[in-house]
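Q: Encoded as structure tokens, here's the structure I'll be asking about.
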Number of protein chains: 4
Amino acid sequence: MTDRSVFCIVPQMPPKNAQSKKDEILGIASKLFYEQGYGNTGIAQIIEEAGTAKGTFYSHFKSKEALGIAWLQVRNADWSKALERFLQSSETGSDRILKSFDFLRSDMEASDYRGCAFLNTLAETPQAESALRKEIVSSKRGLRDHFIEALRPTRPDEAEALGSLIYMLFEATIVEMQNFRTAWPAETARQHVAELLA
Amino acid sequence: MTDRSVFCIVPQMPPKNAQSKKDEILGIASKLFYEQGYGNTGIAQIIEEAGTAKGTFYSHFKSKEALGIAWLQVRNADWSKALERFLQSSETGSDRILKSFDFLRSDMEASDYRGCAFLNTLAETPQAESALRKEIVSSKRGLRDHFIEALRPTRPDEAEALGSLIYMLFEATIVEMQNFRTAWPAETARQHVAELLA
Amino acid sequence: MTDRSVFCIVPQMPPKNAQSKKDEILGIASKLFYEQGYGNTGIAQIIEEAGTAKGTFYSHFKSKEALGIAWLQVRNADWSKALERFLQSSETGSDRILKSFDFLRSDMEASDYRGCAFLNTLAETPQAESALRKEIVSSKRGLRDHFIEALRPTRPDEAEALGSLIYMLFEATIVEMQNFRTAWPAETARQHVAELLA
Amino acid sequence: MTDRSVFCIVPQMPPKNAQSKKDEILGIASKLFYEQGYGNTGIAQIIEEAGTAKGTFYSHFKSKEALGIAWLQVRNADWSKALERFLQSSETGSDRILKSFDFLRSDMEASDYRGCAFLNTLAETPQAESALRKEIVSSKRGLRDHFIEALRPTRPDEAEALGSLIYMLFEATIVEMQNFRTAWPAETARQHVAELLA
DNA sequence: AATGAATGAGCCTTCATTCAT
DNA sequence: CATGAATGAAGGCTCATTCAT
């Protein structure tokens with residue numbers, strides 16, 4: 001076997017799976033927090049599935065709450081990116097809005113739909129001033145703006161009110177699909193929004 | 001077996017406050033489950049605030065889940081009664097519907113509004129087949145019917161679809177007021193519903 | 001086998017070892033806290049040696065600190081009783097005082113020179129307002145009074161000052177025997193106290 | 001070896017604050033060990049306040065115990081130096097001894113007086129053979145000698161016994177001021193020592 | 001009915017230390 | 001010399017539930 005290392009400009013091996021331990025923990029935690037709920041998921045399970053030691057976990061995250069915040073942040077970013085990718089082909093604001101409801105529906109069709117990570121966490125966090133709550137509020141503000149901004153170019157006067165209304169229907173769609181485990185909320189909402197935008 | 005109760009010198013004491021121990025436990029649990037969340041509330045706190053012993057608790061309720069179910073049941077009944085009382089003066093279906101949103105708003109004005117007991121519990125109960133979930137679904141079905149039935153007399157054809165839509169806005173109102181801690185969701189939704197019913 | 005229960009007036013079996021679980025835990029903890037130090041002794045070790053479960057422990061003591069306080073209280077009572085027994089034969093106040101130093105000497109020899117439970121706990125409790133500290137102060141006040149009261153009958157005017165001085169020598173005796181693991185501090189102190197009382 | 005420093009353009013940087021990293025760690029640890037107690041102070045806090053990494057710490061000290069020993073050694077030296085400075089103006093042995101008690105008192109006036117670092121550490125170190133204990137014993141032997149030597153010139157015959165006695169009162173003064181948080185122990189002891197030396 | 005002691009798995013977090021870089 | 005990720009045992013404490021009285 002020839003030694004090719006001389007040709008290697010960047011000799012350091014990239015980490016086996018190109019993902020730091022911290023990211024791995026966060027990834028596993030994200031999955032578990034979403035599927036089981038924040039409060040129902042213990043640190044022990046997270047580190048076991050991540051194959052790490054307790055101390056390792058706490059050297060990366062100062063507390064469970066800090067991990068929870070990181071989770072909500074990446075979830076917000078990832079979810080927005082996924083939505084954007086889904087809307088790629090949509091050109092008009094109306095299209096984007098209607099397609100957003102289709103996105104929800106496709107998301108729900110994945111098995112065991114668990115609804116919205118943010119609203120679920122809101123539900124088990126009574127303390128209004130908690131850091132978790134701040135993350136939730138800011139993510140929801142962003143979502144509401146998504147609809148408002150989509151309307152702004154064509155209907156600047158109604159954008160705010162109409163966008164808020166559509167945002168509420170969007171939220172209701174998630175919650176009701178989580179509860180009833182059927183797609184009718186998406187259909188009902190999408191249909192009405194289509195009329196509103198017609 | 002002979003009935004010896006006639007010989008009883010100290011007849012069964014009437015309960016001090018006209019409320020059985022079981023009801024007292026249930027009452028306290030209801031308050032705590034709603035304020036703190038189902039998962040965040042332990043049996044220990046419930047029995048302590050109720051002034052009972054562990055064993056007494058378990059002689060009345062076979063498990064925490066059973067207590068949770070009882071809670072959701074009385075909550076459903078009580079909440080419906082409170083809503084009905086609020087709607088007393090409303091005569092037409094439209095009136096009843098619009099006033100329902102006012103009811104929500106007055107509810108929310110209580111400090112530290114915790115939103116909907118059912119949706120909050122849904123959020124921390126991933127198991128779709130659980131008894132808690134069944135209670136939640138049935139309560140929500142009842143609420144949806146409340147709107148549909150209010151519409152049936154005057155708009156039989158649209159009742160189902162329109163009622164479902166309004167139900168979704170109603171749900172969204174609760175959730176968004178819980179999150180943002182403002183009344184705008186109630187206003188936005190009520191305004192739109194008023195237009196829909198005009 | 002004849003059923004003798006009818007003859008039994010107090011049918012309930014007295015507990016096997018005439019000692020409640022709570023007392024057993026407290027007894028074991030007292031031994032460990034003293035031998036190893038309060039901070040060096042974990043709940044796990046206590047319950048293991050007591051043969052109980054974690055929950056049992058916490059149903060008897062609300063926290064480790066509560067156990068620590070109970071420990072110091074029984075220790076104070078027990079130690080005073082042991083001292084009193086040791087002084088039984090002493091009749092005069094002077095005798096009682098001098099014999100107190102002999103007691104210390106035998107006590108330290110028996111305990112592998114672990115010193116004073118109260119001073120040791122004081123050393124690892126920086127928080128001046130802690131409940132543990134209150135217990136320590138009150139126990140030491142009692143000890144100082146022991147000397148003052150022994151002097152009161154014969155030397156009422158000097159009792160306070162002389163008693164305090166002797167108390168300090170008594171304390172120093174414990175501490176120095178703990179440190180040097182020899183009897184010289186007891187001898188030195190006793191000798192001087194004898195001169196003071198001559 | 002030639003002195004090349006003249007050629008050095010960027011001569012070895014004098015440490016920013018004239019203190020090596022090792023000394024910095026030791027300084028911070030000394031403060032924390034004294035204020036909070038040896039056992040109550042974790043490596044994590046020390047390195048955080050010192051702004052160093054774990055590995056750096058362990059490259060300077062092989063273990064927490066080694067750091068503890070270093071702490072006691074510098075503490076012994078520093079404390080002795082401070083005492084000596086306080087006694088500067090005292091010329092006779094008697095003066096030096098009496099002033100030593102004043103030194104204690106001035107020390108105690110600092111808020112949250114934590115008593116003697118050595119006795120506190122003794123209290124949480126049951127193992128008689130530990131390295132920490134050796135340091136403690138030797139420091140205390142030195143202190144006792146301080147008093148004996150002060151007496152030797154004028155009272156060679158009594159020096160040993162009287163010095164030991166005064167040493168004990170000195171120790172008791174520290175301990176009782178730590179416990180009661182008042183200056184009476186210093187006054188009581190100083191007064192008596194003054195009589196002894198008169 | 002009611003009591004409350006007992007259970008043991010589980011909670012989140014910190015410990016002192018090692019090691020590859 | 002310095003870094004900081006990794007370790008896993010141990011820290012104090014709470015959980016829902018059972019059971020003998």
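In the structure tokens, chains take the letters A, B, ... in the order shown, each chain's residues start at 1, and ligands count up from 1 in the order shown.
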Residues within 7 Å of stretch 133-146 of chain B, please, as a list in words. Count only C-alpha atoms (C1' of nucleotides); anything in the same chain fewer than 3 positions from it doesn't count.
A: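 In the requested format, the answer is Asn179 and Phe180 of chain A; Ile69, Leu72, Asn76, Phe118, Leu122, Ala128, Glu129, Ser130, Glu149, Ala150, Gly163, Ser164 and Tyr167 of chain B.
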Q: Compute the post-superposition RMSD of the C-alpha atoms of chain C relative to chain D, with atoms paired in order and the fit done by least squares.
A: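 Here the RMSD amounts to 3.5 Å.
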Q: Please produce, as CSV, a per-residue contact table for chain F versus chain B (criterion: any atom at most 10 Å away, only C-alpha atoms (C1' of nucleotides) considered), showing the nearest atom pair and its distance in Å to one decimal, sorted by chain then residue number.
A:
residue,atom,partner,partner_atom,distance
F:DT14,C1',B:Gly42,CA,8.7
F:DC15,C1',B:Gly42,CA,7.5
F:DA16,C1',B:Lys64,CA,7.5
F:DT17,C1',B:Ser63,CA,8.1
F:DT18,C1',B:Gly55,CA,9.0
F:DC19,C1',B:Gly55,CA,9.1
Q: Residues within 12 Å of C:Ile46, please, as a short mmCIF file (atom, residue, chain, number, x, y, z; two decimals) with N, CA and C atoms, in the first residue's frame. Count only C-alpha atoms (C1' of nucleotides); anything in the same chain fewer than 5 positions from it doesn't count.
A:
data_model
loop_
_atom_site.label_atom_id
_atom_site.label_comp_id
_atom_site.auth_asym_id
_atom_site.auth_seq_id
_atom_site.Cartn_x
_atom_site.Cartn_y
_atom_site.Cartn_z
N LYS C 22 -37.82 4.78 61.26
CA LYS C 22 -37.30 6.13 61.32
C LYS C 22 -36.13 6.23 62.30
N GLU C 24 -34.31 3.80 63.22
CA GLU C 24 -33.19 3.00 62.71
C GLU C 24 -32.37 3.84 61.74
N ILE C 25 -33.06 4.51 60.83
CA ILE C 25 -32.37 5.38 59.88
C ILE C 25 -31.57 6.44 60.63
N LEU C 26 -32.22 7.04 61.59
CA LEU C 26 -31.55 8.10 62.34
C LEU C 26 -30.33 7.57 63.08
N GLY C 27 -30.47 6.37 63.62
CA GLY C 27 -29.34 5.77 64.35
C GLY C 27 -28.15 5.53 63.43
N ILE C 28 -28.43 4.93 62.28
CA ILE C 28 -27.35 4.66 61.32
C ILE C 28 -26.73 5.96 60.83
N ALA C 29 -27.58 6.91 60.51
CA ALA C 29 -27.09 8.20 60.01
C ALA C 29 -26.21 8.86 61.06
N SER C 30 -26.62 8.79 62.31
CA SER C 30 -25.85 9.42 63.38
C SER C 30 -24.43 8.85 63.41
N LYS C 31 -24.38 7.56 63.33
CA LYS C 31 -23.07 6.91 63.34
C LYS C 31 -22.24 7.38 62.14
N LEU C 32 -22.82 7.35 60.97
CA LEU C 32 -22.06 7.70 59.76
C LEU C 32 -21.71 9.18 59.71
N PHE C 33 -22.65 10.02 60.05
CA PHE C 33 -22.37 11.46 60.05
C PHE C 33 -21.20 11.75 60.98
N GLN C 36 -17.83 9.83 59.51
CA GLN C 36 -17.32 10.23 58.19
C GLN C 36 -17.46 11.72 57.93
N TYR C 38 -20.65 14.95 57.92
CA TYR C 38 -21.99 15.17 57.34
C TYR C 38 -21.92 15.20 55.82
N ASN C 40 -19.57 14.14 53.84
CA ASN C 40 -18.98 12.95 53.24
C ASN C 40 -19.93 11.76 53.25
N THR C 41 -21.07 11.91 53.87
CA THR C 41 -21.99 10.79 53.98
C THR C 41 -23.20 11.01 53.08
N GLY C 51 -30.99 -0.69 55.25
CA GLY C 51 -31.82 -1.67 54.57
C GLY C 51 -33.19 -1.14 54.17
N THR C 52 -33.22 0.10 53.73
CA THR C 52 -34.50 0.71 53.34
C THR C 52 -34.42 1.23 51.91
N ALA C 53 -35.54 1.71 51.43
CA ALA C 53 -35.59 2.30 50.09
C ALA C 53 -35.50 3.81 50.21
N LYS C 54 -35.10 4.41 49.11
CA LYS C 54 -34.98 5.86 49.07
C LYS C 54 -36.27 6.53 49.52
N THR C 56 -38.65 5.50 51.31
CA THR C 56 -38.92 5.35 52.74
C THR C 56 -38.18 6.44 53.52
N PHE C 57 -36.94 6.61 53.16
CA PHE C 57 -36.17 7.64 53.83
C PHE C 57 -36.86 8.99 53.73
N TYR C 58 -37.24 9.34 52.52
CA TYR C 58 -37.80 10.69 52.33
C TYR C 58 -39.23 10.81 52.86
N LYS C 64 -32.02 15.89 53.48
CA LYS C 64 -30.81 15.50 54.20
C LYS C 64 -30.58 16.45 55.36
N LEU C 67 -32.57 15.56 58.34
CA LEU C 67 -31.94 14.43 59.03
C LEU C 67 -30.75 14.92 59.84
#
Q: Find the residues in chain D near chain C: any atom within 9 Å counts, using only C-alpha atoms. Write them as JSON, numbers by chain.
A: {"D": [35, 36, 37, 38, 39, 40, 112, 113, 114, 115, 116, 117, 119, 120, 121, 122, 123, 124, 125, 126, 127, 128, 133, 136, 137, 140, 141, 161, 162, 164, 165, 168, 169, 170, 171, 172, 173, 175, 176, 178, 179, 180, 181, 185, 188, 189, 192]}
Q: Save the residues we just selected, C-alpha atoms, as a short mmCIF file (atom, residue, chain, number, x, y, z; two decimals), in the first residue's frame?
A:
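Saved result, part-v5.cif, follows:
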data_model
loop_
_atom_site.label_atom_id
_atom_site.label_comp_id
_atom_site.auth_asym_id
_atom_site.auth_seq_id
_atom_site.Cartn_x
_atom_site.Cartn_y
_atom_site.Cartn_z
CA GLU D 35 -14.77 30.62 52.28
CA GLN D 36 -16.81 27.60 51.24
CA GLY D 37 -14.86 24.71 52.67
CA TYR D 38 -12.61 22.18 50.98
CA GLY D 39 -15.30 19.61 50.32
CA ASN D 40 -17.87 22.16 49.24
CA ASP D 112 -18.66 36.01 57.71
CA TYR D 113 -15.66 34.90 59.66
CA ARG D 114 -14.90 31.33 58.71
CA GLY D 115 -12.52 30.45 61.50
CA CYS D 116 -9.41 28.36 60.99
CA ALA D 117 -8.73 26.84 57.59
CA LEU D 119 -9.38 23.07 61.81
CA ASN D 120 -12.17 23.30 59.25
CA THR D 121 -10.32 20.94 56.97
CA LEU D 122 -9.50 18.66 59.87
CA ALA D 123 -13.22 18.42 60.55
CA GLU D 124 -14.00 17.03 57.13
CA THR D 125 -11.01 14.71 56.94
CA PRO D 126 -11.63 11.67 59.10
CA GLN D 127 -8.71 9.70 57.66
CA ALA D 128 -5.95 10.22 60.22
CA ARG D 133 -4.00 15.80 57.98
CA ILE D 136 -2.71 20.35 59.48
CA VAL D 137 -0.86 18.73 62.34
CA LYS D 140 -0.66 23.44 64.46
CA ARG D 141 2.58 22.22 65.95
CA ALA D 161 3.24 23.84 79.74
CA LEU D 162 2.21 27.46 79.74
CA SER D 164 0.53 24.76 75.39
CA LEU D 165 -2.17 26.15 77.61
CA MET D 168 -5.29 25.94 73.53
CA LEU D 169 -6.95 29.18 74.53
CA PHE D 170 -5.86 30.66 71.23
CA GLU D 171 -7.43 27.79 69.32
CA ALA D 172 -10.60 27.96 71.36
CA THR D 173 -10.83 31.66 70.62
CA VAL D 175 -13.40 28.21 67.11
CA GLU D 176 -15.79 29.98 69.44
CA GLN D 178 -16.54 31.17 64.37
CA ASN D 179 -19.47 29.60 66.15
CA PHE D 180 -20.92 32.47 68.16
CA ARG D 181 -19.91 35.28 65.81
CA PRO D 185 -14.05 34.57 73.31
CA THR D 188 -12.17 36.20 77.80
CA ALA D 189 -9.05 34.43 76.64
CA HIS D 192 -6.95 35.31 81.35
#
Q: Residues of chain E within 10 Å of chain A, using only C-alpha atoms (C1' of nucleotides), as number ranges by chain?
A: E: 10-15
Q: How would the residues just chosen look if you wrote them out with C-alpha atoms (C1' of nucleotides) as a compact mmCIF listing (two decimals), in the first residue's frame?
A:
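What landed in selection22.txt:
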# COMPACT_ATOMS: atom_id res chain seq x y z
C1' DG E 10 -36.59 7.46 37.92
C1' DC E 11 -35.60 12.66 38.08
C1' DC E 12 -31.80 16.42 36.94
C1' DT E 13 -27.22 17.55 38.16
C1' DT E 14 -22.20 17.56 39.88
C1' DC E 15 -18.06 15.02 41.03
Q: Quick one: pick out all helix (DSSP H, G or I) residues within stretch 53-156 of chain C from a backbone DSSP run and write them as a PyMOL selection string.
A: chain C and resi 54-60+64-87+93-110+117-123+131-151
Q: Using only C-alpha atoms (C1' of nucleotides), determine which residues lie at most 7 Å from stretch 99-110 of chain D, disregarding the query and same-chain residues fewer than 4 positions distant; provide the list as a ChimeraX atom specification.
A: /D:83,86-87,95,170,183,186,190
Q: Output N, CA and C atoms for every residue in that selection, as a CSV table (one decimal), in the first residue's frame.
A:
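Saved to out.csv:
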chain,number,residue,atom,x,y,z
D,83,LEU,N,0.6,37.5,60.8
D,83,LEU,CA,0.7,37.6,62.2
D,83,LEU,C,2.0,38.3,62.6
D,86,PHE,N,1.7,41.9,62.2
D,86,PHE,CA,0.9,42.5,63.2
D,86,PHE,C,1.6,42.7,64.5
D,87,LEU,N,2.6,41.8,64.8
D,87,LEU,CA,3.3,41.8,66.0
D,87,LEU,C,4.6,42.6,66.0
D,95,ASP,N,4.1,40.6,75.4
D,95,ASP,CA,3.5,41.5,74.4
D,95,ASP,C,3.0,40.8,73.2
D,170,PHE,N,-5.9,30.0,72.5
D,170,PHE,CA,-5.9,30.7,71.2
D,170,PHE,C,-6.8,29.9,70.2
D,183,ALA,N,-17.1,38.7,69.7
D,183,ALA,CA,-15.7,38.8,70.1
D,183,ALA,C,-15.5,38.4,71.6
D,186,ALA,N,-12.4,36.1,72.4
D,186,ALA,CA,-11.1,36.8,72.4
D,186,ALA,C,-10.9,37.6,73.6
D,190,ARG,N,-8.0,36.5,76.2
D,190,ARG,CA,-6.9,37.5,76.4
D,190,ARG,C,-6.7,38.0,77.8
